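Only one structure is covered here, and it is reproduced in the block below.
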Amino acid sequence: MMRVRFAPSPTGFLHVGNARTAVLNYLVKKKNNAAYILRIEDTDTQRSTMESEQSILSDLKWLGIQWDEGPDCGGKFGPYRQSERFDIYRQFTEKLLITGNAYHCYCTQEELDAMRAKAAEHNKPFVYPGTCRHLSLEQKLAYEHQGRKPTVRFRVNDGISIVVNDHIKGKVVFSSENIGGDFIIVRSDGIPVYNYIVIIDDTLMNITHVIRGEDHLPNTPKQMLIAMALDLPAPEYAHMPLLLGPDRTKLSKRHGITSVSIYREQGYLSQALFNYLALLGWTTRSGEEIVSIEELVEQFELSKIGKSPAIFDFQKLKWMNSEYLKNLPSEQVYSLFYPYLEKAGYTTHDTGWLNSVIDTIRGNCQIASDIVSEIAIFFGDTVEPDQEAGELLSQQESKAIIMTAYELVTSNEVNEHNYHQLLNAIKQKTGLKGKMLFMPFRAMITGRLHGPELDKIIPLLGYQRFKKRIENCYQRFIN
RNA sequence: GUCCCCGUCGUCUAGGGGUCUAGGACACCGGGUUUUCAUCCCGGCAACAGGGGUUCGAAUCCCCUCGGGGAUGCCA
């Protein structure tokens with residue numbers, strides 16, 4: 001049986017790059033009926049938090065990703081938090097120490113930093129020289145007396161070539177002399193490091209396919225070396241190209257929003273994000289872009305994923321979201337929008353009216369939070385014109401419209417029974433039509449140059465507000 | 001520096017020796033429908049990194065150069 005995994009570290013919010021890894025793994029699971037294992041890699045005790053873990057789990061669920069085994073639901077291969085598996089790792093460390101594949105290293109941080117600095121100075125790659133490889137008992141005791149706490153290093157012998165037959169990258173060959181020498185597998189505080197335990201967990205959890213970001217490719221030979229020393233079978237690998245920002249460096253916060261939770265807060269639809277993330281790196285046969293999860297699963301193949309990195313296009317994601325929003329049934333749109341409106345203070349007891357308003361402006365929203373600025377024109381007796389509306393209303397051509405509207409409204413010639421005819425009345429009186437008529441009128445009533453159809457706005461506004469806005473506009477731009 | 005990965009429109013990509021005067025989508029620009037906004041429709045702009053091979057023929061295969069990215073942590 002095929003088993004895949006997603007293994008985030010709970011050191012912050014779920015990043016879209018990681019979310020893509022989670023999504024791709026999910027596609028593989030669905031396509032091949034595989035088991036999906038969620039493992040929490042929380043060995044960085046300084047930065048790992050339970051809050052992060054919870055928010056990551058919550059974001060994954062929101063995205064529609066369901067796992068079969070994980071810290072919240074258990075499974076046959078648990079525990080699923082690395083921090084709860086230290087006893088397991090200790091046994092393997094013992095074994096490596098006994099077989100001579102690992103040894104205690106008493107070099108201090110400072111000593112190592114100095115060696116690194118020196119290597120950099122000479123433009124040489126840093127390779128741990130194996131200083132502590134053959135320490136005598138006396139030397140060890142002397143170090144212990146100094147209060148040094150040893151790390152455990154994995155012994156890397158020269159002349160070994162490690163081949164990764166990657167499902168995406170193809171055959172990648174590394175030489176053992178190029179991986180920096182003996183590397184640390186257990187820190188001086190006794191906590192094992194990622195590169196060491198990741199392979200133990202992958203094999204112990206029977207993971208058959210490790211699908212992860214390309215940044216892990218250079219780590220893979222280290223992991224495979226450990227597997228060899230421990231006589232564990234290595235899983236198959238697929239390294240996906242990275243997600244980049246517009247400047248072509250690894251996508252990070254400074255490029256914009258990178259947390260799934262923020263997309264969620266801003267009112268992106270999970271299906272849209274899933275769809276976008278899933279299609280970064282490959283396409284469907286037809287080239288169709290708006291694709292259901294079922295169809296994505298149906299058409300997905302690991303080998304179809306491209307080898308080159310992809311730049312995360314915030315704009316295209318937004319477009320995709322708007323497509324999903326358009327196709328959402330009204331009831332779902334209402335319940336999607338309500339929380340944003342409440343938070344912004346746009347509340348009313350007249351749900352019917354509110355829903356009608358939403359119906360008329362939902363098309364102008366690309367993401368749910370857009371509703372807040374779109375709905376503003378329906379609230380308040382007066383409106384503050386934005387810059388372009390203000391400029392238009394200040395122009396000479398607009399004055400006739402404002403004055404005519406004002407006169408008709410104040411003379412009661414136009415009243416609550418016929419006010420939606422005002423536009424036509426102005427047209428007759430001024431002879432203006434088209435843009436020349438509509439735009440100043442729109443600006444006067446809504447304070448903006450963009451928005452839904454005027455014919456729909458006016459009845460929803462009601463006569464009182466309508467009138468007040470005209471009066472206000474008159475005072476503002478004519479008086 | 002060293003190791004590894006990658007290189008088709010601005011972006012995501014299709015293409016895997018002839019069907020490529022390189023296709024689609026986002027973005028952008030123009031036009032049309034709508035007496036207004038948006039939608040929608042139509043059109044346009046725009047790419048095989050460069051140089052050598054191999055071949056009758058190369059975006060496609062090989063080599064080099066250049067460019068970009070990642071790794072090089074007692075982070076993951």
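Naming scheme: A, B, ... for chains in displayed order of the structure tokens; residues 1 onward per chain; ligands 1 onward as shown.
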- [ ] Run DSSP on the backbone of this structure and report the residues of stretch 282-475 of chain A it assigns to alpha helix (DSSP H), as a PyMOL selection string.
- [x] chain A and resi 293-299+314-326+330-344+351-361+370-375+387-394+396-410+422-430+435-446+454-461+463-475
Open item on the list: Should the cut-off be 8 Å, what would the residue list for chain A against chain B look like, counting only C-alpha atoms (C1' of nucleotides), as number ranges by chain?
Closed with: A: 9, 41, 44, 109, 120, 123-126, 151, 169, 174, 178-180, 184, 186-188, 194, 214-215, 217-219, 248-250, 280-283, 287, 289, 307-311, 313, 315-316, 319, 363-364, 433-435, 437-439, 442, 449-454
Can you pull out the residues contacting B:G44? Cut-off 12 Å, using only C-alpha atoms (C1' of nucleotides), and skip same-chain residues under 6 positions away; I want them as an mmCIF file with N, CA, C and O atoms (P, O5', C5', C4', C3', O3' and C1' of nucleotides), in the first residue's frame.
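Listed below is the output, around19.cif:
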```cif
data_model
loop_
_atom_site.group_PDB
_atom_site.id
_atom_site.type_symbol
_atom_site.label_atom_id
_atom_site.label_comp_id
_atom_site.auth_asym_id
_atom_site.auth_seq_id
_atom_site.Cartn_x
_atom_site.Cartn_y
_atom_site.Cartn_z
ATOM 1 P P C B 28 -5.146 44.207 -15.724
ATOM 2 O "O5'" C B 28 -4.229 44.799 -16.881
ATOM 3 C "C5'" C B 28 -3.007 45.457 -16.563
ATOM 4 C "C4'" C B 28 -2.233 45.727 -17.828
ATOM 5 C "C3'" C B 28 -3.031 46.410 -18.935
ATOM 6 O "O3'" C B 28 -3.105 47.816 -18.744
ATOM 7 C "C1'" C B 28 -1.838 44.587 -19.843
ATOM 8 P P C B 29 -4.468 48.565 -19.148
ATOM 9 O "O5'" C B 29 -4.341 48.712 -20.730
ATOM 10 C "C5'" C B 29 -3.246 49.417 -21.292
ATOM 11 C "C4'" C B 29 -3.244 49.222 -22.793
ATOM 12 C "C3'" C B 29 -4.573 49.484 -23.489
ATOM 13 O "O3'" C B 29 -4.799 50.860 -23.720
ATOM 14 C "C1'" C B 29 -3.676 47.446 -24.268
ATOM 15 P P G B 30 -6.308 51.400 -23.817
ATOM 16 O "O5'" G B 30 -6.838 50.787 -25.194
ATOM 17 C "C5'" G B 30 -6.449 51.372 -26.423
ATOM 18 C "C4'" G B 30 -6.989 50.570 -27.577
ATOM 19 C "C3'" G B 30 -8.505 50.478 -27.692
ATOM 20 O "O3'" G B 30 -9.072 51.639 -28.245
ATOM 21 C "C1'" G B 30 -7.574 48.349 -28.039
ATOM 22 P P G B 31 -10.571 52.039 -27.838
ATOM 23 O "O5'" G B 31 -11.450 50.970 -28.629
ATOM 24 C "C5'" G B 31 -11.557 51.036 -30.055
ATOM 25 C "C4'" G B 31 -12.318 49.842 -30.558
ATOM 26 C "C3'" G B 31 -13.737 49.677 -30.045
ATOM 27 O "O3'" G B 31 -14.668 50.514 -30.704
ATOM 28 C "C1'" G B 31 -12.633 47.602 -29.929
#
```
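In this model, the gap between atom CA of A:Gln396 and atom CA of A:Ile457 comes to 25.2 Å.
Going from atom CA of A:Ser176 to atom CA of A:Asp158 covers 5.5 Å.
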